[in-house]
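*Asks:* The structure's right below; bear with me while I get my questions together.
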Amino acid sequence: MDHPKYYDKCINSAASFIIINKEALVPEGKALLIVENPFEAYCKIATHLRPFEPSSKLVSDSATVGKGTFIYPSSFVGNHVTIGDNCIIYPNVTIMDHCIIGNNVIIQAGTVIGGNSFYYNTKKDRELWYKKMPDCGRVIIEDNAEIGAGCTIDRGVSHDTIIGKGTKMDNMIHIGHDTVIGKNCLIAAQVGIAGVVNIEDGVTLWGQVGVSKTLTIGANAVVFAQSGVPYSLPGDKIYFGSPAIEAREKQKELVWVKRIPELWNKVMGK
């Protein structure tokens, strides 16, 4: 923490250990590490705890693969990966270090599980504006999930990216860092979900839906194709549009939009 705007929020959060650039009073049970540059200190700690570890084998010696699981040729399974029983990993799938795959999971060809997050510290008073924050999280794919072809699921920065039990993902989908997707969700092709999103159980996202960062979509919500979600949505409703609103309201809007030429002609006396 290096921004005064967030000092109080950070100090009174659930964190038990805080890296900060000034002295401050803290509640009992918390500790401060006071340094000039908290971001650089965090990066050193994270890199120490999760250092780069090369692997030259298609299936790392430190990976664990369960009974009945079949891995097609040209797939890569990284260090300390765990894959459960009766999974099918199709050709050219990449599963990066420390990821966990449950039982009965299907991952279609060309998908990347556990790629680096798109997360940067930004300061415009230095030569390189964007500095990457190292990832300490994993990707966890729970039992009976299916991941389509050409998907990318990024590992978490400080939390795990999670795909819940029974969730089905179509092709060409991107899931951002630290996002948690619940059980039995259905996600159609070309959906893009940003980082730190919470998608609760039973949500359906149809094709090309875009979901912005740090928001929640409530359980059993349905978002129609090509909608944009810039804010949290309550569950048990159907949404459409960009920004997404309840589908019935959006459909009424579209009816009126179509009538604009007719109404204009009436106003102009044509």
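Within each chain, counting starts at residue 1; across the structure tokens, chains are named A, B, ... in the order shown, with ligands numbered 1 upward in that order.
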Skipping near chain neighbours, those fewer than 3 positions away, what residues fall within 12 Å of A:Lys44 using only C-alpha atoms, listed as a compact mmCIF listing (two decimals) with C-alpha atoms, in the first residue's frame?
*Replies:*
# COMPACT_ATOMS: atom_id res chain seq x y z
CA ILE A 19 3.51 -3.77 3.20
CA ASN A 37 8.54 1.16 -2.23
CA PRO A 38 5.87 -1.38 -1.20
CA PHE A 39 5.31 -2.60 -4.77
CA GLU A 40 8.95 -3.52 -5.29
CA ALA A 41 9.03 -5.23 -1.88
CA THR A 47 9.22 -14.00 -6.69
CA HIS A 48 11.02 -15.63 -3.76
CA LEU A 49 7.97 -17.70 -2.82
CA ARG A 50 7.06 -18.61 -6.41
CA PRO A 51 10.31 -18.47 -8.44
CA MET A 133 3.10 -7.83 -10.78
CA PRO A 134 4.30 -11.43 -10.31
CA ASP A 135 1.63 -14.10 -10.00
CA CYS A 136 1.34 -16.19 -6.85
*Asks:* Using backbone DSSP assignments, extract all helix (DSSP H, G or I) residues from stretch 123-262 of chain A; output them as a list in words.
*Replies:* Ala247, Arg248, Glu249, Lys250, Gln251, Lys252, Glu253, Leu254, Val255, Trp256, Val257, Lys258, Ile260, Pro261 and Glu262 of chain A
*Asks:* Excluding A:Pro73 and residues on its chain fewer than 5 positions from it, collect all residues at most 9 Å away from it, counting only C-alpha atoms, and give them as a PyMOL selection string.
*Replies:* chain A and resi 58+90-92
*Asks:* Generate the output file for the selected residues, N, CA and C atoms, as a CSV table (one decimal), in the first residue's frame.
*Replies:*
chain,number,residue,atom,x,y,z
A,58,LEU,N,7.4,-32.5,-21.7
A,58,LEU,CA,6.0,-32.3,-22.0
A,58,LEU,C,5.2,-32.5,-20.8
A,90,TYR,N,-6.7,-32.6,-24.6
A,90,TYR,CA,-6.6,-32.8,-26.1
A,90,TYR,C,-5.3,-32.1,-26.5
A,91,PRO,N,-4.9,-32.3,-27.8
A,91,PRO,CA,-3.6,-31.8,-28.3
A,91,PRO,C,-3.4,-30.3,-28.1
A,92,ASN,N,-2.1,-30.0,-27.9
A,92,ASN,CA,-1.7,-28.6,-27.8
A,92,ASN,C,-2.3,-27.8,-26.7
*Asks:* Would you kindly return, as a list in words, each protein, DNA or RNA residue with an atom no farther than 6 Å from any atom of A:Val105, considering only C-alpha atoms and excluding same-chain residues fewer than 6 positions away?
*Replies:*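 Those residues are Cys87, Asn144, Ala145 and Glu146 of chain A.
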*Asks:* What's the 6 Å shell around A:Ile153, counting only C-alpha atoms, without same-chain residues fewer than 6 positions away, as a list of chain:residue names?
*Replies:* A:Ile113, A:Gly114, A:His174, A:Ile175
*Asks:* Residues as selected, N, CA and C atoms, written as a PDB file, in the first residue's frame, can you do that?
*Replies:*
ATOM      1  N   ILE A 113      -4.053 -22.978 -19.862  1.00  0.00           N
ATOM      2  CA  ILE A 113      -4.494 -22.882 -18.466  1.00  0.00           C
ATOM      3  C   ILE A 113      -3.336 -22.356 -17.630  1.00  0.00           C
ATOM      4  N   GLY A 114      -3.534 -21.222 -16.973  1.00  0.00           N
ATOM      5  CA  GLY A 114      -2.512 -20.727 -16.053  1.00  0.00           C
ATOM      6  C   GLY A 114      -1.488 -19.813 -16.684  1.00  0.00           C
ATOM      7  N   HIS A 174     -11.954 -16.028 -22.854  1.00  0.00           N
ATOM      8  CA  HIS A 174     -10.870 -15.553 -21.986  1.00  0.00           C
ATOM      9  C   HIS A 174     -11.398 -15.301 -20.579  1.00  0.00           C
ATOM     10  N   ILE A 175     -10.689 -15.852 -19.593  1.00  0.00           N
ATOM     11  CA  ILE A 175     -11.005 -15.642 -18.178  1.00  0.00           C
ATOM     12  C   ILE A 175      -9.816 -14.942 -17.531  1.00  0.00           C
TER      13      ILE A 175
END
*Asks:* Quick one, how far is atom CA of A:Gly166 from atom CA of A:Tyr119?
*Replies:*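 So the two atoms, atom CA of A:Gly166 and atom CA of A:Tyr119, lie 28.3 Å apart.
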*Asks:* Hey, what's within 6 Å of A:Thr204 if we count only C-alpha atoms and toss same-chain stuff fewer than 3 positions away? As a ChimeraX atom specification, please?
*Replies:* /A:185-187,222
*Asks:* For the residues in that selection, give me C-alpha atoms as a short mmCIF file (atom, residue, chain, number, x, y, z; two decimals), in the first residue's frame.
*Replies:*
data_model
loop_
_atom_site.label_atom_id
_atom_site.label_comp_id
_atom_site.auth_asym_id
_atom_site.auth_seq_id
_atom_site.Cartn_x
_atom_site.Cartn_y
_atom_site.Cartn_z
CA CYS A 185 -22.33 -22.13 -15.33
CA LEU A 186 -22.66 -22.07 -19.12
CA ILE A 187 -20.35 -19.75 -21.09
CA VAL A 222 -28.65 -14.98 -17.96
#
